[in-house]
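Worksheet: the structure to be examined is printed underneath.
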Amino acid sequence: MNNTFIAKVELFEREMGWHYVSVPSELSKPLEHLSDRGLIAVTAKVGNSSWPTSLLPMGNGTHFIALPAKVRQKEKISVGMAIEMFFEVRIR
């Protein structure tokens with residue numbers, strides 16, 4: 001399965017809210033059997049940066065990937081940008 005997608009960078013509407021991208025459900029749904037309390041362990045990659053993280057539940061049946069500040073700074077990512085993301089499942 002090719003887990004590459006393009007998504008718009010968004011920001012949760014609360015003070016100190018996370019920057020994130022929504023994961024297409026056609027990529028996350030088939031992996032739900034691997035979830036632990038709703039989290040699906042993955043390694044995410046954007047540009048030249050990769051990091052261990054999880055597909056996090058949005059609460060509406062979809063998932064998102066949080067974008068850490070150090071990755072956003074290194075890759076020059078800001079809210080509203082469309083970025084190409086990749087992830088692969090990692091075994092816990």
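Numbering starts fresh at 1 for the residues of each chain in the structure tokens, the chains themselves are lettered A, B, ... in the order given, and ligands are numbered from 1 as they appear.
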**OP:** For Leu34 of chain A, work out the shell of residues within 12 Å, counting only C-alpha atoms and skipping chain neighbours fewer than 2 positions away, then give it as a ChimeraX atom specification.
**Re:** /A:28-32,36-42,54-55,89-92
Expected file: the selected residues, N, CA and C atoms, as a compact mmCIF listing (two decimals), in the first residue's frame:
```txt
# COMPACT_ATOMS: atom_id res chain seq x y z
N SER A 28 -6.27 5.26 6.22
CA SER A 28 -6.29 4.94 7.65
C SER A 28 -7.29 3.83 8.01
N LYS A 29 -8.42 3.77 7.35
CA LYS A 29 -9.45 2.76 7.69
C LYS A 29 -8.91 1.33 7.66
N PRO A 30 -8.17 0.93 6.61
CA PRO A 30 -7.67 -0.45 6.57
C PRO A 30 -6.67 -0.78 7.70
N LEU A 31 -6.19 0.23 8.41
CA LEU A 31 -5.20 0.01 9.46
C LEU A 31 -5.81 0.04 10.86
N GLU A 32 -7.10 0.28 10.97
CA GLU A 32 -7.73 0.43 12.28
C GLU A 32 -7.57 -0.81 13.16
N ASP A 36 -4.22 0.97 18.94
CA ASP A 36 -4.16 0.77 20.38
C ASP A 36 -4.76 2.03 20.99
N ARG A 37 -5.95 1.93 21.55
CA ARG A 37 -6.70 3.08 22.08
C ARG A 37 -6.91 4.15 21.01
N GLY A 38 -7.11 3.73 19.78
CA GLY A 38 -7.35 4.64 18.68
C GLY A 38 -6.12 5.13 17.96
N LEU A 39 -4.93 4.87 18.51
CA LEU A 39 -3.68 5.32 17.92
C LEU A 39 -3.08 4.23 17.04
N ILE A 40 -2.62 4.62 15.87
CA ILE A 40 -1.97 3.69 14.95
C ILE A 40 -0.52 4.15 14.81
N ALA A 41 0.41 3.35 15.32
CA ALA A 41 1.83 3.72 15.33
C ALA A 41 2.38 3.77 13.90
N VAL A 42 2.99 4.90 13.54
CA VAL A 42 3.57 5.07 12.21
C VAL A 42 4.88 5.85 12.31
N SER A 54 1.99 8.79 15.59
CA SER A 54 0.81 7.94 15.43
C SER A 54 -0.20 8.65 14.56
N LEU A 55 -1.04 7.86 13.91
CA LEU A 55 -2.25 8.40 13.31
C LEU A 55 -3.19 8.58 14.49
N VAL A 89 3.58 2.06 8.69
CA VAL A 89 3.23 1.50 9.99
C VAL A 89 4.49 1.01 10.68
N ARG A 90 4.58 1.26 11.97
CA ARG A 90 5.69 0.73 12.75
C ARG A 90 5.11 -0.19 13.81
N ILE A 91 5.87 -1.21 14.14
CA ILE A 91 5.45 -2.19 15.13
C ILE A 91 5.87 -1.70 16.50
N ARG A 92 4.94 -1.68 17.43
CA ARG A 92 5.24 -1.25 18.80
C ARG A 92 5.89 -2.34 19.58
```
**OP:** For Tyr20 of chain A, list every protein, DNA or RNA residue within 10 Å, evaluated using only C-alpha atoms, and leave out those in the same chain fewer than 5 positions away; present the list as a VMD selection string.
**Re:** chain A and resid 7 to 12 64 to 68 79
Residues as selected, N, CA and C atoms, written as a short mmCIF file (atom, residue, chain, number, x, y, z; two decimals), in the first residue's frame, can you do that?
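In the end it all went to selection.cif:
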```cif
data_model
loop_
_atom_site.label_atom_id
_atom_site.label_comp_id
_atom_site.auth_asym_id
_atom_site.auth_seq_id
_atom_site.Cartn_x
_atom_site.Cartn_y
_atom_site.Cartn_z
N ALA A 7 -1.98 16.92 1.55
CA ALA A 7 -2.98 17.47 2.45
C ALA A 7 -2.62 18.91 2.82
N LYS A 8 -3.64 19.65 3.19
CA LYS A 8 -3.48 21.03 3.62
C LYS A 8 -3.15 21.05 5.11
N VAL A 9 -2.17 21.85 5.49
CA VAL A 9 -1.79 22.00 6.90
C VAL A 9 -2.85 22.84 7.60
N GLU A 10 -3.35 22.29 8.71
CA GLU A 10 -4.39 22.98 9.48
C GLU A 10 -3.91 23.17 10.91
N LEU A 11 -4.67 23.95 11.67
CA LEU A 11 -4.33 24.26 13.06
C LEU A 11 -5.58 24.08 13.90
N PHE A 12 -5.48 23.29 14.98
CA PHE A 12 -6.62 23.15 15.88
C PHE A 12 -6.95 24.50 16.49
N PHE A 64 -5.52 11.98 11.97
CA PHE A 64 -4.63 13.06 11.56
C PHE A 64 -3.21 12.75 12.02
N ILE A 65 -2.25 13.46 11.42
CA ILE A 65 -0.85 13.41 11.84
C ILE A 65 -0.47 14.80 12.32
N ALA A 66 0.00 14.87 13.57
CA ALA A 66 0.48 16.14 14.12
C ALA A 66 1.85 16.47 13.53
N LEU A 67 2.09 17.74 13.27
CA LEU A 67 3.35 18.20 12.69
C LEU A 67 4.15 18.95 13.75
N PRO A 68 5.20 18.33 14.28
CA PRO A 68 6.00 18.99 15.33
C PRO A 68 6.65 20.28 14.83
N VAL A 79 0.65 27.00 8.14
CA VAL A 79 -0.78 26.74 8.00
C VAL A 79 -1.24 27.14 6.61
#
```
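One distance worth recording is that between atom CA of Met81 of chain A and atom CA of Met16 of chain A, which is 18.9 Å.
For the choices A:Gly47, A:Glu88, A:Thr53, A:Met58, the atom-to-atom distance to Val71 of chain A is smallest for A:Gly47 when using only C-alpha atoms.
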Subject >> Between atom CA of Gln73 of chain A and atom CA of Glu26 of chain A - distance in Å to one decimal >> reply: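 Going from atom CA of Glu26 of chain A over to atom CA of Gln73 of chain A, I get 29.0 Å.
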**OP:** Can you pull out every residue within 7 Å of Lys45 of chain A, counting only C-alpha atoms, but drop anything in the same chain fewer than 2 positions away, and send it as a ChimeraX atom specification?
**Re:** /A:43,47,49-51,85-87
Hey, can you spit out that residue selection with C-alpha atoms as a PDB file, in the first residue's frame?
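Written output follows (result-v1.pdb):
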```pdb
ATOM      1  CA  THR A  43       6.718   6.762  11.022  1.00  0.00           C
ATOM      2  CA  GLY A  47      10.421  16.486   2.797  1.00  0.00           C
ATOM      3  CA  SER A  49      12.236  14.899   7.830  1.00  0.00           C
ATOM      4  CA  SER A  50      10.852  11.733   9.386  1.00  0.00           C
ATOM      5  CA  TRP A  51       9.703  11.019  12.929  1.00  0.00           C
ATOM      6  CA  MET A  85       3.123  13.347   3.380  1.00  0.00           C
ATOM      7  CA  PHE A  86       4.169   9.724   3.631  1.00  0.00           C
ATOM      8  CA  PHE A  87       3.759   7.268   6.489  1.00  0.00           C
TER       9      PHE A  87
END
```
